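Novice: Below is entry.txt; it holds compact mmCIF, C-alpha atoms.
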# COMPACT_ATOMS: atom_id res chain seq x y z
CA MET A 749 -129.53 333.38 -18.89
CA ARG A 750 -128.98 334.49 -15.30
CA THR A 751 -129.88 332.60 -12.13
CA GLN A 752 -128.79 332.58 -8.52
CA ILE A 753 -127.72 328.91 -8.38
CA CYS A 754 -126.74 326.73 -11.33
CA ILE A 755 -127.12 323.09 -10.34
CA ILE A 756 -125.20 320.61 -12.47
CA GLY A 757 -126.88 317.20 -12.28
CA GLY A 758 -130.57 316.30 -12.30
CA GLY A 759 -130.44 313.29 -10.01
CA PRO A 760 -131.94 313.16 -6.52
CA SER A 761 -129.36 315.41 -4.84
CA GLY A 762 -129.60 318.15 -7.45
CA LEU A 763 -133.39 317.97 -7.51
CA LEU A 764 -133.66 317.97 -3.71
CA LEU A 765 -131.34 320.97 -3.43
CA GLY A 766 -133.32 322.80 -6.10
CA GLN A 767 -136.65 322.11 -4.42
CA LEU A 768 -135.45 323.20 -0.99
CA LEU A 769 -133.99 326.42 -2.42
CA HIS A 770 -137.17 327.11 -4.40
CA ARG A 771 -139.18 327.03 -1.19
CA GLN A 772 -136.86 329.75 0.14
CA GLY A 773 -137.41 331.89 -2.93
CA ILE A 774 -133.95 331.19 -4.39
CA GLU A 775 -133.78 330.74 -8.16
CA THR A 776 -132.09 327.69 -9.67
CA VAL A 777 -131.49 326.15 -13.07
CA ILE A 778 -130.68 322.42 -13.30
CA LEU A 779 -128.54 321.02 -16.11
CA GLU A 780 -128.89 317.28 -16.75
CA ARG A 781 -126.81 315.42 -19.33
CA LYS A 782 -129.36 312.62 -19.83
CA THR A 783 -133.09 312.49 -20.48
CA LYS A 784 -135.67 312.37 -17.71
CA ASP A 785 -136.62 308.82 -18.69
CA TYR A 786 -132.99 307.73 -18.42
CA VAL A 787 -132.63 309.19 -14.92
CA LEU A 788 -135.87 307.54 -13.78
CA GLY A 789 -134.73 304.23 -15.29
CA ARG A 790 -131.74 303.95 -12.97
CA ILE A 791 -132.27 301.39 -10.20
CA ARG A 792 -130.66 302.52 -6.96
CA ALA A 793 -130.86 301.89 -3.24
CA GLY A 794 -133.92 302.87 -1.28
CA ILE A 795 -133.01 303.02 2.42
CA LEU A 796 -133.62 306.56 3.71
CA GLU A 797 -132.14 307.82 6.97
CA ARG A 798 -134.25 309.94 9.30
CA GLY A 799 -132.45 313.08 8.10
CA THR A 800 -133.22 312.34 4.46
CA VAL A 801 -136.87 311.75 5.34
CA ARG A 802 -137.00 315.10 7.14
CA LEU A 803 -135.47 316.88 4.14
CA MET A 804 -138.06 315.35 1.79
CA ARG A 805 -140.83 316.62 4.04
CA GLU A 806 -139.18 320.03 4.34
CA ALA A 807 -138.99 320.17 0.54
CA GLY A 808 -142.76 319.55 0.39
CA VAL A 809 -142.40 316.20 -1.38
CA GLY A 810 -142.89 313.75 1.47
CA ALA A 811 -146.58 312.91 1.15
CA ARG A 812 -146.30 309.88 -1.15
CA MET A 813 -143.20 308.70 0.67
CA ASP A 814 -145.07 308.79 3.98
CA ARG A 815 -148.01 306.86 2.46
CA GLU A 816 -146.10 304.19 0.58
CA CYS A 817 -142.79 303.67 2.39
CA PHE A 818 -141.94 300.69 4.56
CA VAL A 819 -140.81 301.59 8.07
CA HIS A 820 -137.88 299.44 9.26
CA ASP A 821 -137.32 299.42 12.99
CA GLY A 822 -134.28 297.13 12.73
CA THR A 823 -132.16 294.86 10.57
CA VAL A 824 -130.92 291.29 10.69
CA ILE A 825 -127.23 290.35 10.77
CA SER A 826 -126.28 286.74 10.05
CA TYR A 827 -123.05 284.79 9.88
CA GLY A 828 -123.52 281.27 8.62
CA ASP A 829 -126.74 279.97 10.14
CA GLU A 830 -126.54 282.21 13.20
CA GLU A 831 -128.46 285.45 13.12
CA PHE A 832 -129.47 288.29 15.40
CA ARG A 833 -131.46 291.48 15.06
CA ILE A 834 -130.35 295.06 15.67
CA ASP A 835 -133.34 296.99 17.00
CA PHE A 836 -133.03 300.60 15.79
CA THR A 837 -136.00 301.86 17.77
CA GLU A 838 -134.79 300.34 21.03
CA HIS A 839 -131.31 301.84 20.66
CA THR A 840 -132.12 305.20 19.07
CA GLY A 841 -135.85 305.84 19.28
CA SER A 842 -135.91 306.15 15.51
CA HIS A 843 -135.99 304.08 12.31
CA VAL A 844 -135.22 304.11 8.59
CA VAL A 845 -137.68 303.81 5.73
CA VAL A 846 -137.59 301.88 2.48
CA TYR A 847 -138.61 304.12 -0.42
CA GLY A 848 -137.00 303.59 -3.78
CA GLN A 849 -134.61 306.25 -5.05
CA THR A 850 -136.46 306.19 -8.37
CA GLU A 851 -139.70 307.09 -6.58
CA MET A 852 -137.97 309.83 -4.61
CA THR A 853 -136.59 311.25 -7.86
CA ARG A 854 -140.01 311.04 -9.52
CA ASP A 855 -141.58 313.01 -6.66
CA LEU A 856 -138.91 315.70 -6.96
CA TYR A 857 -139.34 315.96 -10.73
CA GLU A 858 -143.10 316.39 -10.36
CA ALA A 859 -142.65 319.10 -7.73
CA ARG A 860 -140.19 321.03 -9.89
CA GLU A 861 -142.35 320.76 -12.97
CA ALA A 862 -145.42 321.88 -10.99
CA VAL A 863 -143.78 325.25 -10.23
CA GLY A 864 -142.21 325.62 -13.66
CA ALA A 865 -138.63 325.67 -12.39
CA PRO A 866 -136.24 325.08 -15.30
CA ILE A 867 -134.44 321.81 -16.05
CA VAL A 868 -132.34 321.53 -19.19
CA TYR A 869 -132.13 317.89 -20.29
CA GLU A 870 -129.49 316.55 -22.67
CA ALA A 871 -127.14 319.40 -21.82
CA GLU A 872 -123.87 318.43 -23.47
CA GLY A 873 -120.37 319.78 -22.96
CA VAL A 874 -121.13 321.38 -19.59
CA THR A 875 -118.16 323.54 -18.60
CA ILE A 876 -117.56 325.57 -15.45
CA HIS A 877 -115.91 328.97 -15.83
CA GLY A 878 -114.56 331.45 -13.29
CA ALA A 879 -115.58 329.50 -10.21
CA ASP A 880 -112.73 331.14 -8.29
CA THR A 881 -113.79 334.64 -9.37
CA ASP A 882 -116.80 336.92 -8.99
CA ALA A 883 -117.90 336.08 -12.54
CA ALA A 884 -118.82 332.41 -12.23
CA HIS A 885 -120.74 330.99 -15.15
CA VAL A 886 -121.51 327.70 -16.86
CA THR A 887 -121.73 326.93 -20.56
CA TYR A 888 -123.41 323.96 -22.23
CA VAL A 889 -124.48 322.82 -25.67
CA LYS A 890 -128.10 322.00 -26.52
CA ASN A 891 -129.20 321.00 -30.03
CA GLY A 892 -125.87 322.16 -31.40
CA THR A 893 -126.07 325.64 -29.86
CA GLU A 894 -123.91 326.84 -26.97
CA HIS A 895 -125.68 328.52 -24.06
CA ARG A 896 -124.35 330.43 -21.05
CA ILE A 897 -125.71 330.66 -17.50
CA ASP A 898 -124.36 333.43 -15.26
CA CYS A 899 -124.88 332.70 -11.59
CA ASP A 900 -123.94 333.53 -8.04
CA PHE A 901 -122.93 329.96 -7.18
CA ILE A 902 -122.56 326.54 -8.82
CA ALA A 903 -123.64 323.28 -7.15
CA GLY A 904 -121.87 320.24 -8.57
CA CYS A 905 -124.34 317.38 -8.12
CA ASP A 906 -123.23 315.48 -11.23
CA GLY A 907 -121.76 312.33 -9.73
CA PHE A 908 -118.35 310.69 -9.72
CA HIS A 909 -117.90 310.92 -13.50
CA GLY A 910 -119.21 314.48 -13.81
CA VAL A 911 -117.34 317.67 -14.66
CA SER A 912 -117.65 319.47 -11.33
CA ARG A 913 -114.89 317.78 -9.35
CA GLN A 914 -112.54 317.96 -12.34
CA ALA A 915 -113.03 321.74 -12.40
CA ILE A 916 -111.12 322.04 -9.12
CA PRO A 917 -107.38 322.24 -9.88
CA LEU A 918 -105.26 319.25 -8.89
CA SER A 919 -103.08 321.64 -6.92
CA THR A 920 -106.08 322.37 -4.71
CA ARG A 921 -107.90 319.05 -4.32
CA LYS A 922 -106.69 315.89 -2.64
CA GLU A 923 -108.31 312.52 -3.28
CA TYR A 924 -108.47 309.47 -1.01
CA GLU A 925 -109.51 306.12 -2.43
CA LYS A 926 -109.82 302.45 -1.55
CA ILE A 927 -110.79 299.89 -4.20
CA TYR A 928 -112.26 296.68 -2.82
CA PRO A 929 -111.25 293.39 -4.47
CA PHE A 930 -114.81 292.25 -5.17
CA GLY A 931 -118.14 293.47 -6.48
CA TRP A 932 -121.83 292.99 -5.83
CA LEU A 933 -123.97 291.05 -8.25
CA GLY A 934 -127.45 292.47 -7.81
CA VAL A 935 -130.77 291.26 -9.17
CA LEU A 936 -134.26 292.72 -9.12
CA SER A 937 -137.14 290.26 -9.16
CA GLU A 938 -140.92 290.53 -9.01
CA THR A 939 -141.13 288.35 -5.92
CA PRO A 940 -142.08 289.06 -2.30
CA PRO A 941 -139.10 289.80 -0.01
CA VAL A 942 -137.78 286.88 1.97
CA HIS A 943 -137.94 288.90 5.19
CA GLU A 944 -139.77 292.01 6.37
CA GLU A 945 -136.44 293.69 7.15
CA LEU A 946 -133.03 293.64 5.45
CA ILE A 947 -130.72 290.69 6.03
CA TYR A 948 -126.98 291.39 5.94
CA ALA A 949 -125.34 287.97 5.65
CA GLY A 950 -121.75 286.90 6.01
CA SER A 951 -120.68 283.35 5.19
CA GLU A 952 -117.68 281.28 4.22
CA ARG A 953 -118.81 281.72 0.61
CA GLY A 954 -119.01 285.51 0.85
CA PHE A 955 -121.47 288.28 1.54
CA ALA A 956 -125.17 288.46 0.63
CA LEU A 957 -127.89 291.05 1.15
CA CYS A 958 -131.63 290.52 1.07
CA SER A 959 -133.46 293.78 0.43
CA MET A 960 -136.66 295.01 -1.20
CA ARG A 961 -138.30 297.84 -3.10
CA ASN A 962 -141.89 297.04 -2.17
CA ALA A 963 -144.12 294.13 -1.14
CA ASN A 964 -143.76 292.47 -4.55
CA LEU A 965 -140.35 293.67 -5.72
CA SER A 966 -137.19 292.25 -4.14
CA ARG A 967 -133.58 293.30 -4.49
CA TYR A 968 -130.88 290.72 -3.72
CA TYR A 969 -127.09 290.91 -3.85
CA ILE A 970 -124.19 288.50 -3.56
CA GLN A 971 -120.50 289.25 -3.38
CA CYS A 972 -118.75 288.23 -6.60
CA ALA A 973 -115.38 288.49 -8.31
CA LEU A 974 -114.56 291.69 -10.15
CA SER A 975 -113.82 289.58 -13.21
CA ASP A 976 -117.41 288.26 -13.29
CA SER A 977 -119.99 289.46 -15.77
CA PRO A 978 -123.78 289.38 -15.25
CA ALA A 979 -123.92 287.04 -18.25
CA ASP A 980 -121.87 284.53 -16.25
CA TRP A 981 -124.76 284.10 -13.83
CA THR A 982 -127.98 282.41 -14.83
CA ASP A 983 -131.00 283.07 -12.65
CA ALA A 984 -130.81 279.52 -11.31
CA ALA A 985 -127.14 279.90 -10.39
CA PHE A 986 -127.81 283.19 -8.60
CA TRP A 987 -130.69 281.83 -6.51
CA GLN A 988 -128.70 278.72 -5.61
CA GLU A 989 -125.73 280.79 -4.46
CA LEU A 990 -127.91 283.20 -2.48
CA ARG A 991 -129.48 280.29 -0.62
CA ARG A 992 -126.03 279.03 0.33
CA ARG A 993 -125.13 282.34 1.96
CA ILE A 994 -128.18 283.10 4.08
CA PRO A 995 -129.46 281.18 7.12
CA GLU A 996 -131.28 277.94 6.27
CA GLU A 997 -134.61 279.21 7.62
CA HIS A 998 -134.61 282.06 5.09
CA ALA A 999 -133.15 279.96 2.30
CA GLU A 1000 -136.12 277.60 2.58
CA ALA A 1001 -138.61 280.50 2.62
CA LEU A 1002 -137.06 282.27 -0.38
CA ILE A 1003 -139.46 282.70 -3.31
CA THR A 1004 -137.61 282.91 -6.61
CA GLY A 1005 -138.60 284.01 -10.07
CA PRO A 1006 -137.23 285.53 -13.26
CA THR A 1007 -134.93 288.48 -12.70
CA ILE A 1008 -135.91 291.73 -14.42
CA GLU A 1009 -132.57 293.46 -13.90
CA LYS A 1010 -129.10 292.08 -13.24
CA SER A 1011 -125.87 294.02 -12.84
CA ILE A 1012 -122.50 294.00 -11.08
CA ALA A 1013 -121.30 297.01 -9.11
CA PRO A 1014 -117.67 297.39 -8.01
CA LEU A 1015 -117.09 298.63 -4.46
CA ARG A 1016 -115.00 301.68 -3.67
CA SER A 1017 -114.44 304.24 -0.94
CA PHE A 1018 -113.56 307.69 -2.26
CA VAL A 1019 -113.37 311.21 -0.85
CA THR A 1020 -112.11 314.43 -2.35
CA GLU A 1021 -111.17 317.45 -0.28
CA PRO A 1022 -112.14 320.26 -0.18
CA MET A 1023 -115.77 320.23 -1.28
CA ARG A 1024 -115.72 323.94 -2.11
CA TRP A 1025 -113.61 325.93 -4.54
CA GLY A 1026 -114.59 329.56 -4.78
CA ARG A 1027 -118.21 329.65 -5.91
CA LEU A 1028 -118.31 325.93 -6.75
CA PHE A 1029 -119.68 323.47 -4.18
CA LEU A 1030 -119.48 319.70 -4.63
CA CYS A 1031 -122.39 317.60 -3.43
CA GLY A 1032 -122.95 313.83 -3.24
CA ASP A 1033 -121.10 311.41 -5.49
CA ALA A 1034 -119.20 314.27 -7.11
CA ALA A 1035 -117.23 314.46 -3.85
CA HIS A 1036 -117.45 311.02 -2.27
CA ILE A 1037 -118.38 307.39 -2.84
CA VAL A 1038 -119.10 304.73 -0.21
CA PRO A 1039 -119.52 300.98 -0.57
CA PRO A 1040 -123.24 300.14 -0.61
CA THR A 1041 -122.88 298.19 2.65
CA GLY A 1042 -124.83 300.25 5.16
CA ALA A 1043 -126.88 302.26 2.62
CA LYS A 1044 -124.99 305.54 2.99
CA GLY A 1045 -124.56 306.77 -0.61
CA LEU A 1046 -127.83 308.61 -1.19
CA ASN A 1047 -128.08 309.58 2.48
CA THR A 1048 -124.63 311.14 2.58
CA ALA A 1049 -125.56 313.14 -0.51
CA ALA A 1050 -128.68 314.30 1.33
CA SER A 1051 -126.58 315.50 4.26
CA ASP A 1052 -124.46 317.54 1.82
CA VAL A 1053 -127.69 319.02 0.46
CA HIS A 1054 -128.69 319.98 4.00
CA TYR A 1055 -125.44 321.83 4.66
CA LEU A 1056 -125.41 323.53 1.26
CA TYR A 1057 -129.08 324.49 1.28
CA THR A 1058 -128.71 325.92 4.79
CA GLY A 1059 -125.56 327.84 3.85
CA LEU A 1060 -127.08 329.29 0.68
CA THR A 1061 -130.26 330.32 2.48
CA GLN A 1062 -128.21 332.06 5.18
CA HIS A 1063 -126.09 333.78 2.51
CA TYR A 1064 -129.11 335.45 0.95
CA GLN A 1065 -130.10 336.57 4.45
CA GLY A 1066 -126.70 338.23 4.93
CA ASP A 1067 -124.79 335.50 6.81
CA ASP A 1068 -121.92 333.63 5.10
CA GLU A 1069 -120.86 331.33 7.94
CA GLY A 1070 -122.76 328.34 6.50
CA LEU A 1071 -121.08 328.66 3.11
CA ASP A 1072 -117.67 329.35 4.61
CA ARG A 1073 -117.93 326.19 6.73
CA TYR A 1074 -119.75 324.01 4.17
CA SER A 1075 -116.77 321.86 3.22
CA GLU A 1076 -115.67 321.41 6.83
CA ARG A 1077 -119.13 320.42 8.07
CA ALA A 1078 -119.95 318.16 5.14
CA LEU A 1079 -116.61 316.35 5.24
CA SER A 1080 -116.85 315.78 8.99
CA ARG A 1081 -120.02 313.77 8.45
CA VAL A 1082 -118.79 312.19 5.21
CA TRP A 1083 -115.75 310.63 6.88
CA LYS A 1084 -117.93 309.12 9.62
CA ALA A 1085 -120.17 307.59 6.93
CA GLU A 1086 -117.07 306.31 5.13
CA ARG A 1087 -115.86 304.68 8.34
CA PHE A 1088 -119.19 302.97 8.94
CA SER A 1089 -119.46 301.65 5.38
CA TRP A 1090 -115.84 300.45 5.45
CA TRP A 1091 -116.43 298.70 8.79
CA MET A 1092 -119.65 297.02 7.66
CA THR A 1093 -117.90 295.84 4.50
CA ASN A 1094 -115.01 294.37 6.46
CA LEU A 1095 -117.38 292.74 8.93
CA LEU A 1096 -119.21 290.55 6.43
CA HIS A 1097 -117.21 290.12 3.20
CA ARG A 1098 -114.62 287.50 2.36
CA TYR A 1099 -111.44 289.04 1.02
CA PRO A 1100 -109.09 287.11 -1.27
CA HIS A 1101 -106.25 285.42 0.61
CA MET A 1102 -107.78 285.88 4.08
CA SER A 1103 -105.77 283.91 6.60
CA GLU A 1104 -107.36 281.67 9.21
CA PHE A 1105 -106.47 284.35 11.74
CA ASP A 1106 -108.28 286.99 9.67
CA ILE A 1107 -111.39 284.83 9.54
CA LYS A 1108 -111.29 284.24 13.30
CA MET A 1109 -111.04 287.99 13.87
CA GLN A 1110 -114.05 288.57 11.63
CA GLN A 1111 -116.04 285.94 13.47
CA ALA A 1112 -115.04 287.48 16.81
CA ASP A 1113 -116.18 290.90 15.59
CA VAL A 1114 -119.61 289.49 14.67
CA ALA A 1115 -119.84 287.61 17.99
CA PHE A 1116 -119.01 290.78 19.91
CA LEU A 1117 -121.69 292.70 18.03
CA LYS A 1118 -124.22 289.95 18.76
CA SER A 1119 -123.50 289.94 22.51
CA ASN A 1120 -122.84 293.60 23.25
CA THR A 1121 -125.74 296.03 23.41
CA GLN A 1122 -123.43 299.06 23.27
CA ALA A 1123 -121.91 297.83 20.00
CA GLN A 1124 -125.43 297.31 18.65
CA SER A 1125 -126.31 300.84 19.71
CA VAL A 1126 -123.32 302.23 17.78
CA LEU A 1127 -124.41 300.34 14.65
CA ALA A 1128 -128.00 301.54 15.07
CA GLN A 1129 -126.95 305.18 15.51
CA ASN A 1130 -124.89 305.06 12.35
CA TYR A 1131 -127.51 303.16 10.35
CA ILE A 1132 -130.43 305.47 11.07
CA GLY A 1133 -128.16 308.45 10.39
CA LEU A 1134 -125.86 310.59 12.50
CA PRO A 1135 -127.26 314.04 13.28
CA TYR A 1136 -126.50 316.94 10.92
How would this structure read if it were set down as structure tokens?
Specialist:
Amino acid sequence: MRTQICIIGGGPSGLLLGQLLHRQGIETVILERKTKDYVLGRIRAGILERGTVRLMREAGVGARMDRECFVHDGTVISYGDEEFRIDFTEHTGSHVVVYGQTEMTRDLYEAREAVGAPIVYEAEGVTIHGADTDAAHVTYVKNGTEHRIDCDFIAGCDGFHGVSRQAIPLSTRKEYEKIYPFGWLGVLSETPPVHEELIYAGSERGFALCSMRNANLSRYYIQCALSDSPADWTDAAFWQELRRRIPEEHAEALITGPTIEKSIAPLRSFVTEPMRWGRLFLCGDAAHIVPPTGAKGLNTAASDVHYLYTGLTQHYQGDDEGLDRYSERALSRVWKAERFSWWMTNLLHRYPHMSEFDIKMQQADVAFLKSNTQAQSVLAQNYIGLPY
């Protein structure tokens, strides 16, 4: 098989890249290790920056998002029982939207299937060959038979544990990593959200986040020990602990119910450089991970898609500047997103062995944010998404 772009990974970044390229008349084949049902069964964040929203519309898949999303003009920050609101619209003239990543992925699948663009599911043993030559190709195994795809370029959209990053020699790539000494215990419940906007809560007991997927589906998180297991937490214990970490007004208004999904996610910051090696381009989690604080994971992947899609489109029009500068441009924005996520995490989480001085500094940081409109503006600019 021959195609212009072989995309490894059938999650939202690979699908979005494929759809944008299709609309420019550029051929793609997507290889996905799992089944479609498995990909759509993954529960992920759903806060979309303005840039991600624009890309969905540009890809021709924004209609349902525009109809069903929740527009958030701000967010609530609390520390103990004190809270204040950051008004995104006032500070930036823009907003974010809540639209589940699963729904975004579903829209992209439907668009790709409608035009008959190929996706190979359950592609095993994906291997990248000759990425640093003019004969780049990818092999994979399907139903016991090995297949080969010759291509102009390879887009590695296969996540942190995928094969794409590992294809870049260790002598070429450099990795930066920070592992945080806690995780997030998250639950999904068929209950109305406790607040119309997100609540980011810091407390002496640790961090909590009140989020939502829709008007009757809530997503809540609490900071927990890395040694914890979801089985350690009954529903009753989770709700009790969440109430202890959010302001009393919201704790009293919280509607609880059985949880339909419960998991613990470790927190890490990770970046690999460069994001290009020959004809291989890394995109999204294959190149970088951010803590979920600040909702940058999916959105940073979308910004990579923007730079790569633009560069590939320009290449087929005879201009290689976009591809030549892809890694530089993507990493410049990635590191700013890493900084914001790291800062938000430090602002509201309790670290093991924090001294009284450390706690006072954290409290002072929150107090400064509450009282300073310029600091609020900086948070708002980062939250709604820095320009591409």
Novice: As a list in words, please: the residues near range 1117-1124 of chain A (cut-off 9 Å, only C-alpha atoms, same-chain neighbours under 6 positions excluded).
Specialist: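 My reading of the contact set: Ile825, Glu831, Phe832, Arg833, Ile834, Asp835, Phe836 and His839 of chain A.
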Novice: Could you work out how far CA of Ile795 in chain A lies from CA of Ala1043 in chain A, giving the answer in Å with one decimal?
Specialist: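 Going from CA of Ala1043 in chain A over to CA of Ile795 in chain A covers 6.2 Å.
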Novice: Determine the nearest neighbour of Leu957 in chain A from the options A:Leu856, A:Ala973, A:Ile916, A:Val942, counting all atoms listed in the file.
Specialist: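 Result for the nearest residue to Leu957 in chain A: A:Val942.
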Novice: May I ask for the distance between CA of Ala985 in chain A and CA of Ile970 in chain A, given in Å to one decimal place?
Specialist: 11.4 Å
Novice: Would you mind telling me which residue in A:Leu936, A:Ile876, A:Val787, A:Leu946 lies nearest to Ser912 in chain A when using only C-alpha atoms?
Specialist: A:Ile876
Novice: Would you kindly identify which residues have an atom no farther than 6 Å from (-129.1, 294.3, -8.8), using all atoms listed in the file and the file's own coordinates, and write them out as JSON, numbers by chain?
Specialist: {"A": [934, 935, 936, 1010, 1011]}
Novice: Point out the residue among A:Ala963, A:Ala1115, A:Cys958, A:Val1038 with the least atom-to-atom distance to Glu1086 in chain A, counting only C-alpha atoms.
Specialist: A:Val1038
Novice: Do you know which residues are at most 6 Å from Ala1035 in chain A counting all atoms listed in the file, after dropping those on the same chain fewer than 2 positions away, and could you put them as a PDB file with C-alpha atoms, in the frame of the given file?
Specialist:
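Heads up, here's the output in around_1.pdb:
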ATOM      1  CA  VAL A1019    -113.370 311.210  -0.850  1.00  0.00           C
ATOM      2  CA  THR A1020    -112.110 314.430  -2.350  1.00  0.00           C
ATOM      3  CA  LEU A1030    -119.480 319.700  -4.630  1.00  0.00           C
ATOM      4  CA  GLY A1032    -122.950 313.830  -3.240  1.00  0.00           C
ATOM      5  CA  ASP A1033    -121.100 311.410  -5.490  1.00  0.00           C
TER       6      ASP A1033
END
Novice: May I have the protein, DNA and RNA residues with an atom at most 9 Å from (-139.7, 282.7, 9.2), counting all atoms listed in the file in the file's coordinates, returned as a list in words?
Specialist: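 Selection result: Val942, His943, Glu997, His998 and Ala1001 of chain A.
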Novice: Name the residues in contact with Lys1084 in chain A at a cut-off of 10 Å, using all atoms listed in the file, excluding same-chain residues fewer than 5 positions from it; report them as a list of chain:residue names.
Specialist: A:Thr1048, A:Leu1079, A:Ser1089, A:Trp1090, A:Asn1130, A:Leu1134
Novice: Just checking: using all atoms listed in the file, which residue out of A:Ile867, A:Cys754, A:Ala1112, A:Ala807 ends up closest to Ala903 in chain A?
Specialist: A:Cys754
Novice: Can you pull out every residue within 8 Å of range 1053-1057 of chain A, counting all atoms listed in the file, but drop anything in the same chain fewer than 2 positions away, and send it as a ChimeraX atom specification?
Specialist: /A:761,764-765,768-769,803,1029,1031-1032,1049-1051,1059-1061,1070-1071,1074,1077-1078,1136
Novice: Figure out the distance between CA of Ile1012 in chain A and CA of Gly950 in chain A, please, to one decimal in Å.
Specialist: 18.5 Å
Novice: Which one of A:Thr939, A:Thr982, A:Thr783, A:Thr920 sits closest to Tyr869 in chain A if you count all atoms listed in the file?
Specialist: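 The shortest atom-to-atom distance to Tyr869 in chain A comes from A:Thr783.
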Novice: Select, from A:Asp821, A:Asp983, A:Glu1069, A:Glu851, the residue with the minimum atom-to-atom distance to Ile1132 in chain A, counting only C-alpha atoms.
Specialist: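 Looking only at the distances to Ile1132 in chain A, the closest residue turns out to be A:Asp821.
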Novice: Using all atoms listed in the file, tabulate the residues of range 914-965 of chain A lying at most 10 Å from any atom of range 811-819 of chain A, each with its closest atom pair and that distance in Å to one decimal, by chain and increasing residue number, as a Markdown table.
Specialist:
| residue | atom | partner | partner_atom | distance |
| --- | --- | --- | --- | --- |
| A:Glu944 | CA | A:Phe818 | CA | 9.1 |
| A:Glu945 | CA | A:Val819 | CA | 9.1 |
| A:Met960 | CA | A:Phe818 | CA | 9.7 |
| A:Arg961 | CA | A:Phe818 | CA | 8.9 |
| A:Asn962 | CA | A:Phe818 | CA | 7.7 |
| A:Ala963 | CA | A:Phe818 | CA | 9.0 |
Novice: Determine the axis-aligned bounding box of all atoms of range 1114-1120 of chain A present in the file, pad each side by 8 Å, and express its centre and edge lengths in Å to one decimal place as lines of an AutoDock Vina configuration file.
Specialist:
center_x = -121.6
center_y = 290.6
center_z = 19.0
size_x = 21.2
size_y = 22.0
size_z = 24.6
Novice: With all atoms listed in the file as the counted atoms, please give the residues lying no more than 12 Å from range 861-864 of chain A, apart from itself and same-chain residues fewer than 6 positions off, as a PDB file with C-alpha atoms, in the coordinates of the input.
Specialist:
ATOM      1  CA  LEU A 763    -133.390 317.970  -7.510  1.00  0.00           C
ATOM      2  CA  GLY A 766    -133.320 322.800  -6.100  1.00  0.00           C
ATOM      3  CA  GLN A 767    -136.650 322.110  -4.420  1.00  0.00           C
ATOM      4  CA  HIS A 770    -137.170 327.110  -4.400  1.00  0.00           C
ATOM      5  CA  ARG A 771    -139.180 327.030  -1.190  1.00  0.00           C
ATOM      6  CA  GLY A 773    -137.410 331.890  -2.930  1.00  0.00           C
ATOM      7  CA  GLU A 775    -133.780 330.740  -8.160  1.00  0.00           C
ATOM      8  CA  THR A 776    -132.090 327.690  -9.670  1.00  0.00           C
ATOM      9  CA  VAL A 777    -131.490 326.150 -13.070  1.00  0.00           C
ATOM     10  CA  ILE A 778    -130.680 322.420 -13.300  1.00  0.00           C
ATOM     11  CA  LYS A 784    -135.670 312.370 -17.710  1.00  0.00           C
ATOM     12  CA  GLY A 808    -142.760 319.550   0.390  1.00  0.00           C
ATOM     13  CA  VAL A 809    -142.400 316.200  -1.380  1.00  0.00           C
ATOM     14  CA  ARG A 854    -140.010 311.040  -9.520  1.00  0.00           C
ATOM     15  CA  ASP A 855    -141.580 313.010  -6.660  1.00  0.00           C
TER      16      ASP A 855
END
Novice: Produce range 931-940 of chain A of the given structure as output with N, CA and C atoms, as a CSV table (one decimal), in the first residue's frame.
Specialist:
chain,number,residue,atom,x,y,z
A,931,GLY,N,-1.4,11.1,43.0
A,931,GLY,CA,-2.2,10.8,41.9
A,931,GLY,C,-3.6,11.5,42.0
A,932,TRP,N,-4.4,11.3,41.0
A,932,TRP,CA,-5.8,11.8,41.1
A,932,TRP,C,-6.7,10.6,41.1
A,933,LEU,N,-7.6,10.5,42.1
A,933,LEU,CA,-8.7,9.5,42.1
A,933,LEU,C,-9.9,10.2,41.4
A,934,GLY,N,-10.3,9.6,40.3
A,934,GLY,CA,-11.4,10.3,39.6
A,934,GLY,C,-12.6,9.3,39.5
A,935,VAL,N,-13.8,9.9,39.6
A,935,VAL,CA,-15.0,9.2,39.5
A,935,VAL,C,-16.0,9.8,38.5
A,936,LEU,N,-16.7,9.0,37.8
A,936,LEU,CA,-17.8,9.5,36.9
A,936,LEU,C,-19.1,9.1,37.5
A,937,SER,N,-20.0,10.0,37.6
A,937,SER,CA,-21.3,9.7,38.3
A,937,SER,C,-22.5,10.3,37.5
A,938,GLU,N,-23.6,9.6,37.4
A,938,GLU,CA,-24.8,10.1,36.7
A,938,GLU,C,-25.5,11.1,37.7
A,939,THR,N,-24.9,12.2,37.9
A,939,THR,CA,-25.5,13.2,38.8
A,939,THR,C,-25.3,14.6,38.2
A,940,PRO,N,-26.1,15.6,38.5
A,940,PRO,CA,-25.9,16.9,38.0
A,940,PRO,C,-24.6,17.5,38.6
